[in-house]
Amino acid sequence: MTGHHTRAATLAGFAIASLCMFKPAYAEQPDATAIATLKKLIASQQAQIAAQAEAIKALSAKVDQLAAVKVRAVSPAAGGAPANKGVLASGNDKVSARVYGQVNRGILAIDDGQGQDTFFVDNDASSTRVGFAGHVKATDDVTIGTLIEVQMESNSTASVSQTSDRGLGGLSFAERHLDLYAKSNTFGKLSLGQGSTASDGVSEIDFSGTALVGYSAVNDMAGGILFSTSAGPLSTITVGGVFSNMDGLGRDDRIRYDTPSFAGFSLSGSLVAGGAADAALRYSGKHGGTKVAAGIAFANQSSISSTTNNTVNGSASVLFGNGFNATVAAGRRESSASGRDDPMFYYGKLGYRANPLPVGVTAFSVDIGQYDDIAANGDEALAVGLQLVQNLDRFGTELYLGYRHYSLDRTATNVEDINALLTGARVKF
Amino acid sequence: MQSNTLRRLLLVTVLAALTATACAKREPLEYRSDLEVRPGTGLFSGDKGGLVLIGD
């Protein structure tokens with residue numbers, strides 16, 4: 001081997017060794033770039049996080065400001081007084097006011113012995129209504145309150161008939177309560193305005209849970225329906241004309257006083273516009289698992305009635321712990337017309353309340369009532385009924401179904417019996 | 001006849017009520033008519049039973 005060849009071989013080996021030891025620049029360059037990129041990304045995200053933290057802080061401050069504004073709007077009371085709940089503001093934290101009401105609609109089917117009819121009705125037993133009630137605690141013992149309640153019945157069960165089945169009532173409001181009162185646990189309750197007289201409701205005490213579709217005022221289900229004569233044509237005698245539960249003086253413009261309850265008993269009396277007056281004794285109490293309520297009333301209405309001097313009426317109801325219940329009612333009017341017999345009625349109901357369904361109480365009942373001489377001497381009117389009410393507690397709703405058979409014996413007039421079926425729903429809103 | 005039956009029913013109910021009254025200690029009870037707007041839950045108002053404008 002020559003020296004030339006030796007140098008060439010050395011150069012070649014060096015070149016090969018160099019090639020073997022060579023680490024290209026691109027092998028390290030990507031890691032450095034990625035790290036730099038990641039550093040930039042992290043820095044950017046840290047900046048974003050810092051900016052978001054500032055934004056959250058600013059929003060929190062705004063939320064606190066808005067919450068403070070809302071509290072001031074609801075309760076302007078100074079001195080850190082507790083906020084008065086509700087959607088309107090009051091400067092008095094002892095005030096309560098609310099709007100309430102219900103819609104009660106149904107379908108009434110009747111058979112008057114000569115034909116059938118169906119009506120879309122408002123159930124007059126517990127009509128569609130709306131109210132505004134408010135009260136304020138004047139002292140620890142005395143509450144002052146107001147009550148405005150009106151009803152709006154379109155096609156009331158008290159009005160529809162075989163000759164008039166639509167457009168009855170319409171958009172007219174009828175007064176129920178336009179009342180103000182002062183109530184003391186020590187001294188009782190004084191009411192002034194349009195509202196229940198002392199004797200109102202005394203014929204209607206009922207624990208059955210089915211009064212909505214059947215109670216002592218049996219005429220409420222089909223009051224406007226006309227009896228058909230046996231010869232065929234309709235008579236002028238309505239169900240509402242020959243059945244009445246004589247419920248005292250009802251609601252009227254009056255001043256009324258109720259004593260506090262003594263061992264479950266309370267007395268009340270009222271003076272009514274026109275000079276009528278009434279008084280009532282009520283009892284209610286729970287004895288073990290048994291609920292008992294009763295009332296009796298006397299009303300002198302000679303100054304406002306051309307047919308009646310006075311009325312005595314009452315009712316009682318008992319609900320046992322096992323769900324069985326019984327109700328009775330009775331009344332008598334002293335007629336002021338010469339030769340007119342005194343009208344009277346007796347009524348009884350047996351019922352059962354249970355919870356076979358998880359949605360609410362189911363109530364069943366059967367009832368019977370005899371109503372004599374209501375419209376004319378010698379009238380003997382009988383009503384028999386079945387009732388079913390299913391409560392849907394979660395929805396403030398009651399579904400109901402009721403059947404009633406009406407019959408009338410009248411001297412010198414033969415009329416057919418009436419069968420009525422009413423189903424519907426009462427929804428409290 | 002029917003009047004007599006109803007009178008007996010009335011008498012039995014009153015006697016049952018009196019018996020229950022006499023045999024157990026009384027707790028206060030406020031009677032509320034089912035024919036009035038009932039207390040408790042409303043479809044829209046929930047547990048309040050009405051649309052509360054002011055107060056509880």
# chains A, B, ... in the order shown; residues from 1 in each chain; ligands from 1
>>> interface_residues(of="chain A", to="chain B", cutoff="6 Å", atoms="only C-alpha atoms", output="number ranges by chain")
A: 84-88, 95-100, 126, 284-288, 328, 395-396, 428-429
>>> residues_around(residues="Val242 in chain A", least_positions_apart="4", cutoff="8 Å", atoms="only C-alpha atoms", output="VMD selection string")
chain A and resid 237 to 238 371 to 375 379 381
>>> closest_residue(among="A:Gly378, A:Ile225, A:Leu212, A:Gly193", to="Gln116 in chain A", atoms="only C-alpha atoms")
A:Ile225
>>> select_by_dssp(residues="range 183-257 of chain A", states="strand (DSSP E)", output="MDAnalysis selection string")
chainID A and resid 183:184 188:196 226:228 234:238 251:257
>>> residues_around(residues="Met152 in chain A", least_positions_apart="3", cutoff="6 Å", atoms="only C-alpha atoms", output="PyMOL selection string")
chain A and resi 128-129+173
>>> residues_around(residues="Ser199 in chain A", least_positions_apart="6", cutoff="10 Å", atoms="only C-alpha atoms", output="ChimeraX atom specification")
/A:246-251,268-270,277-282,295-299,311-314
>>> write_last_selection(atoms="N, CA and C atoms", output="PDB file, in the first residue's frame")
ATOM      1  N   MET A 246    -133.169  25.096  53.105  1.00  0.00           N
ATOM      2  CA  MET A 246    -133.536  26.142  54.088  1.00  0.00           C
ATOM      3  C   MET A 246    -132.332  26.637  54.880  1.00  0.00           C
ATOM      4  N   ASP A 247    -131.272  26.967  54.158  1.00  0.00           N
ATOM      5  CA  ASP A 247    -130.011  27.281  54.824  1.00  0.00           C
ATOM      6  C   ASP A 247    -129.993  28.700  55.398  1.00  0.00           C
ATOM      7  N   GLY A 248    -130.887  28.951  56.303  1.00  0.00           N
ATOM      8  CA  GLY A 248    -130.918  30.225  57.017  1.00  0.00           C
ATOM      9  C   GLY A 248    -131.088  31.416  56.094  1.00  0.00           C
ATOM     10  N   LEU A 249    -130.360  32.489  56.397  1.00  0.00           N
ATOM     11  CA  LEU A 249    -130.477  33.718  55.618  1.00  0.00           C
ATOM     12  C   LEU A 249    -129.392  33.818  54.545  1.00  0.00           C
ATOM     13  N   GLY A 250    -128.596  32.774  54.416  1.00  0.00           N
ATOM     14  CA  GLY A 250    -127.597  32.765  53.351  1.00  0.00           C
ATOM     15  C   GLY A 250    -126.586  33.892  53.489  1.00  0.00           C
ATOM     16  N   ARG A 251    -126.133  34.412  52.353  1.00  0.00           N
ATOM     17  CA  ARG A 251    -125.218  35.561  52.373  1.00  0.00           C
ATOM     18  C   ARG A 251    -126.020  36.817  52.098  1.00  0.00           C
ATOM     19  N   SER A 268    -123.249  32.770  67.404  1.00  0.00           N
ATOM     20  CA  SER A 268    -123.119  33.893  66.485  1.00  0.00           C
ATOM     21  C   SER A 268    -124.490  34.484  66.209  1.00  0.00           C
ATOM     22  N   GLY A 269    -124.477  35.732  65.841  1.00  0.00           N
ATOM     23  CA  GLY A 269    -125.726  36.412  65.505  1.00  0.00           C
ATOM     24  C   GLY A 269    -125.466  37.479  64.466  1.00  0.00           C
ATOM     25  N   SER A 270    -126.494  37.782  63.672  1.00  0.00           N
ATOM     26  CA  SER A 270    -126.320  38.831  62.668  1.00  0.00           C
ATOM     27  C   SER A 270    -127.609  39.613  62.468  1.00  0.00           C
ATOM     28  N   ALA A 277    -132.978  39.032  61.180  1.00  0.00           N
ATOM     29  CA  ALA A 277    -131.929  38.718  62.149  1.00  0.00           C
ATOM     30  C   ALA A 277    -131.869  37.216  62.341  1.00  0.00           C
ATOM     31  N   ASP A 278    -130.710  36.740  62.756  1.00  0.00           N
ATOM     32  CA  ASP A 278    -130.590  35.313  63.003  1.00  0.00           C
ATOM     33  C   ASP A 278    -129.552  35.050  64.083  1.00  0.00           C
ATOM     34  N   ALA A 279    -129.571  33.825  64.576  1.00  0.00           N
ATOM     35  CA  ALA A 279    -128.601  33.396  65.575  1.00  0.00           C
ATOM     36  C   ALA A 279    -128.308  31.917  65.345  1.00  0.00           C
ATOM     37  N   ALA A 280    -127.089  31.526  65.679  1.00  0.00           N
ATOM     38  CA  ALA A 280    -126.705  30.129  65.456  1.00  0.00           C
ATOM     39  C   ALA A 280    -125.770  29.651  66.552  1.00  0.00           C
ATOM     40  N   LEU A 281    -125.879  28.375  66.848  1.00  0.00           N
ATOM     41  CA  LEU A 281    -124.968  27.708  67.779  1.00  0.00           C
ATOM     42  C   LEU A 281    -124.252  26.612  67.013  1.00  0.00           C
ATOM     43  N   ARG A 282    -122.928  26.644  67.079  1.00  0.00           N
ATOM     44  CA  ARG A 282    -122.127  25.648  66.364  1.00  0.00           C
ATOM     45  C   ARG A 282    -121.225  24.900  67.344  1.00  0.00           C
ATOM     46  N   GLY A 295    -124.537  22.094  64.045  1.00  0.00           N
ATOM     47  CA  GLY A 295    -125.003  23.463  64.188  1.00  0.00           C
ATOM     48  C   GLY A 295    -126.509  23.523  64.140  1.00  0.00           C
ATOM     49  N   ILE A 296    -127.048  24.540  64.787  1.00  0.00           N
ATOM     50  CA  ILE A 296    -128.494  24.777  64.731  1.00  0.00           C
ATOM     51  C   ILE A 296    -128.704  26.284  64.691  1.00  0.00           C
ATOM     52  N   ALA A 297    -129.693  26.715  63.930  1.00  0.00           N
ATOM     53  CA  ALA A 297    -129.875  28.163  63.739  1.00  0.00           C
ATOM     54  C   ALA A 297    -131.350  28.523  63.740  1.00  0.00           C
ATOM     55  N   PHE A 298    -131.597  29.766  64.112  1.00  0.00           N
ATOM     56  CA  PHE A 298    -132.949  30.345  64.029  1.00  0.00           C
ATOM     57  C   PHE A 298    -132.837  31.676  63.305  1.00  0.00           C
ATOM     58  N   ALA A 299    -133.735  31.883  62.345  1.00  0.00           N
ATOM     59  CA  ALA A 299    -133.722  33.145  61.596  1.00  0.00           C
ATOM     60  C   ALA A 299    -135.117  33.735  61.549  1.00  0.00           C
ATOM     61  N   THR A 311    -137.259  30.659  60.220  1.00  0.00           N
ATOM     62  CA  THR A 311    -136.720  29.361  59.812  1.00  0.00           C
ATOM     63  C   THR A 311    -135.869  28.780  60.937  1.00  0.00           C
ATOM     64  N   VAL A 312    -136.050  27.498  61.177  1.00  0.00           N
ATOM     65  CA  VAL A 312    -135.159  26.758  62.069  1.00  0.00           C
ATOM     66  C   VAL A 312    -134.474  25.689  61.223  1.00  0.00           C
ATOM     67  N   ASN A 313    -133.170  25.653  61.274  1.00  0.00           N
ATOM     68  CA  ASN A 313    -132.455  24.652  60.479  1.00  0.00           C
ATOM     69  C   ASN A 313    -131.216  24.179  61.227  1.00  0.00           C
ATOM     70  N   GLY A 314    -130.741  23.014  60.851  1.00  0.00           N
ATOM     71  CA  GLY A 314    -129.551  22.489  61.501  1.00  0.00           C
ATOM     72  C   GLY A 314    -129.003  21.280  60.769  1.00  0.00           C
TER      73      GLY A 314
END
>>> residues_around(residues="Lys137 in chain A", least_positions_apart="3", cutoff="7 Å", atoms="only C-alpha atoms", output="list in words")
Lys94, Val95, Asp140, Val142, Thr143 and Ile144 of chain A
>>> write_last_selection(atoms="C-alpha atoms", output="CSV table (one decimal), in the first residue's frame")
chain,number,residue,atom,x,y,z
A,94,LYS,CA,-97.4,41.8,59.5
A,95,VAL,CA,-99.5,42.0,56.4
A,140,ASP,CA,-100.8,40.0,69.2
A,142,VAL,CA,-106.3,41.2,67.0
A,143,THR,CA,-106.3,40.6,63.3
A,144,ILE,CA,-108.0,42.9,60.9
>>> residues_around(residues="Ala425 in chain A", least_positions_apart="3", cutoff="10 Å", atoms="only C-alpha atoms", output="count of residues only")
17
>>> atom_distance(atom1="CA of Ala383 in chain A", atom2="CA of Arg426 in chain A")
23.5 Å
>>> decode(residues="range 34-46 of chain B", atoms="all heavy atoms", output="PDB file, in the first residue's frame")
ATOM      1  N   ASP B  34    -116.628  21.970  52.680  1.00  0.00           N
ATOM      2  CA  ASP B  34    -116.055  21.511  51.412  1.00  0.00           C
ATOM      3  C   ASP B  34    -116.570  22.321  50.228  1.00  0.00           C
ATOM      4  O   ASP B  34    -116.044  22.202  49.120  1.00  0.00           O
ATOM      5  CB  ASP B  34    -116.407  20.036  51.183  1.00  0.00           C
ATOM      6  CG  ASP B  34    -115.428  19.112  51.869  1.00  0.00           C
ATOM      7  OD1 ASP B  34    -114.404  19.614  52.370  1.00  0.00           O
ATOM      8  OD2 ASP B  34    -115.687  17.894  51.900  1.00  0.00           O
ATOM      9  N   LEU B  35    -117.606  23.102  50.463  1.00  0.00           N
ATOM     10  CA  LEU B  35    -118.180  23.861  49.355  1.00  0.00           C
ATOM     11  C   LEU B  35    -117.422  25.163  49.101  1.00  0.00           C
ATOM     12  O   LEU B  35    -117.592  25.790  48.069  1.00  0.00           O
ATOM     13  CB  LEU B  35    -119.658  24.173  49.638  1.00  0.00           C
ATOM     14  CG  LEU B  35    -120.513  22.932  49.905  1.00  0.00           C
ATOM     15  CD1 LEU B  35    -121.928  23.328  50.297  1.00  0.00           C
ATOM     16  CD2 LEU B  35    -120.552  22.038  48.671  1.00  0.00           C
ATOM     17  N   GLU B  36    -116.609  25.568  50.067  1.00  0.00           N
ATOM     18  CA  GLU B  36    -115.769  26.756  49.873  1.00  0.00           C
ATOM     19  C   GLU B  36    -114.466  26.325  49.201  1.00  0.00           C
ATOM     20  O   GLU B  36    -114.191  25.134  49.084  1.00  0.00           O
ATOM     21  CB  GLU B  36    -115.479  27.406  51.231  1.00  0.00           C
ATOM     22  CG  GLU B  36    -116.719  27.845  51.993  1.00  0.00           C
ATOM     23  CD  GLU B  36    -117.505  28.925  51.256  1.00  0.00           C
ATOM     24  OE1 GLU B  36    -116.875  29.765  50.590  1.00  0.00           O
ATOM     25  OE2 GLU B  36    -118.741  28.909  51.335  1.00  0.00           O
ATOM     26  N   VAL B  37    -113.682  27.309  48.770  1.00  0.00           N
ATOM     27  CA  VAL B  37    -112.375  26.984  48.214  1.00  0.00           C
ATOM     28  C   VAL B  37    -111.555  26.310  49.315  1.00  0.00           C
ATOM     29  O   VAL B  37    -111.385  26.858  50.401  1.00  0.00           O
ATOM     30  CB  VAL B  37    -111.660  28.249  47.706  1.00  0.00           C
ATOM     31  CG1 VAL B  37    -110.264  27.896  47.179  1.00  0.00           C
ATOM     32  CG2 VAL B  37    -112.476  28.909  46.602  1.00  0.00           C
ATOM     33  N   ARG B  38    -111.087  25.125  49.040  1.00  0.00           N
ATOM     34  CA  ARG B  38    -110.457  24.321  50.089  1.00  0.00           C
ATOM     35  C   ARG B  38    -109.033  24.794  50.385  1.00  0.00           C
ATOM     36  O   ARG B  38    -108.353  25.316  49.503  1.00  0.00           O
ATOM     37  CB  ARG B  38    -110.442  22.856  49.667  1.00  0.00           C
ATOM     38  CG  ARG B  38    -111.828  22.306  49.419  1.00  0.00           C
ATOM     39  CD  ARG B  38    -111.775  20.891  48.936  1.00  0.00           C
ATOM     40  NE  ARG B  38    -111.381  19.971  49.993  1.00  0.00           N
ATOM     41  CZ  ARG B  38    -111.255  18.672  49.827  1.00  0.00           C
ATOM     42  NH1 ARG B  38    -111.471  18.139  48.659  1.00  0.00           N
ATOM     43  NH2 ARG B  38    -110.909  17.892  50.829  1.00  0.00           N
ATOM     44  N   PRO B  39    -108.584  24.595  51.600  1.00  0.00           N
ATOM     45  CA  PRO B  39    -107.180  24.899  51.901  1.00  0.00           C
ATOM     46  C   PRO B  39    -106.276  23.866  51.226  1.00  0.00           C
ATOM     47  O   PRO B  39    -106.749  22.825  50.778  1.00  0.00           O
ATOM     48  CB  PRO B  39    -107.127  24.782  53.428  1.00  0.00           C
ATOM     49  CG  PRO B  39    -108.225  23.847  53.777  1.00  0.00           C
ATOM     50  CD  PRO B  39    -109.310  24.067  52.753  1.00  0.00           C
ATOM     51  N   GLY B  40    -105.016  24.161  51.157  1.00  0.00           N
ATOM     52  CA  GLY B  40    -104.081  23.194  50.606  1.00  0.00           C
ATOM     53  C   GLY B  40    -103.615  23.549  49.215  1.00  0.00           C
ATOM     54  O   GLY B  40    -103.810  24.662  48.740  1.00  0.00           O
ATOM     55  N   THR B  41    -103.020  22.569  48.585  1.00  0.00           N
ATOM     56  CA  THR B  41    -102.312  22.774  47.327  1.00  0.00           C
ATOM     57  C   THR B  41    -103.224  23.264  46.208  1.00  0.00           C
ATOM     58  O   THR B  41    -104.349  22.813  46.063  1.00  0.00           O
ATOM     59  CB  THR B  41    -101.656  21.449  46.895  1.00  0.00           C
ATOM     60  OG1 THR B  41    -100.783  21.019  47.930  1.00  0.00           O
ATOM     61  CG2 THR B  41    -100.878  21.621  45.600  1.00  0.00           C
ATOM     62  N   GLY B  42    -102.709  24.206  45.417  1.00  0.00           N
ATOM     63  CA  GLY B  42    -103.384  24.662  44.213  1.00  0.00           C
ATOM     64  C   GLY B  42    -102.601  24.217  42.991  1.00  0.00           C
ATOM     65  O   GLY B  42    -101.399  23.954  43.071  1.00  0.00           O
ATOM     66  N   LEU B  43    -103.292  24.152  41.855  1.00  0.00           N
ATOM     67  CA  LEU B  43    -102.655  23.662  40.641  1.00  0.00           C
ATOM     68  C   LEU B  43    -101.447  24.515  40.264  1.00  0.00           C
ATOM     69  O   LEU B  43    -100.395  23.992  39.908  1.00  0.00           O
ATOM     70  CB  LEU B  43    -103.675  23.655  39.487  1.00  0.00           C
ATOM     71  CG  LEU B  43    -103.176  23.121  38.152  1.00  0.00           C
ATOM     72  CD1 LEU B  43    -102.766  21.660  38.253  1.00  0.00           C
ATOM     73  CD2 LEU B  43    -104.242  23.285  37.079  1.00  0.00           C
ATOM     74  N   PHE B  44    -101.596  25.827  40.326  1.00  0.00           N
ATOM     75  CA  PHE B  44    -100.497  26.718  39.953  1.00  0.00           C
ATOM     76  C   PHE B  44     -99.783  27.283  41.186  1.00  0.00           C
ATOM     77  O   PHE B  44     -98.602  27.596  41.122  1.00  0.00           O
ATOM     78  CB  PHE B  44    -101.020  27.885  39.117  1.00  0.00           C
ATOM     79  CG  PHE B  44    -101.877  27.457  37.973  1.00  0.00           C
ATOM     80  CD1 PHE B  44    -103.168  27.940  37.836  1.00  0.00           C
ATOM     81  CD2 PHE B  44    -101.403  26.551  37.039  1.00  0.00           C
ATOM     82  CE1 PHE B  44    -103.966  27.535  36.782  1.00  0.00           C
ATOM     83  CE2 PHE B  44    -102.196  26.133  35.991  1.00  0.00           C
ATOM     84  CZ  PHE B  44    -103.488  26.630  35.861  1.00  0.00           C
ATOM     85  N   SER B  45    -100.535  27.443  42.254  1.00  0.00           N
ATOM     86  CA  SER B  45     -99.975  28.125  43.425  1.00  0.00           C
ATOM     87  C   SER B  45     -99.206  27.184  44.345  1.00  0.00           C
ATOM     88  O   SER B  45     -98.539  27.641  45.269  1.00  0.00           O
ATOM     89  CB  SER B  45    -101.098  28.807  44.206  1.00  0.00           C
ATOM     90  OG  SER B  45    -102.120  27.883  44.520  1.00  0.00           O
ATOM     91  N   GLY B  46     -99.306  25.865  44.109  1.00  0.00           N
ATOM     92  CA  GLY B  46     -98.552  24.918  44.918  1.00  0.00           C
ATOM     93  C   GLY B  46     -99.016  24.901  46.360  1.00  0.00           C
ATOM     94  O   GLY B  46    -100.199  25.089  46.651  1.00  0.00           O
TER      95      GLY B  46
END
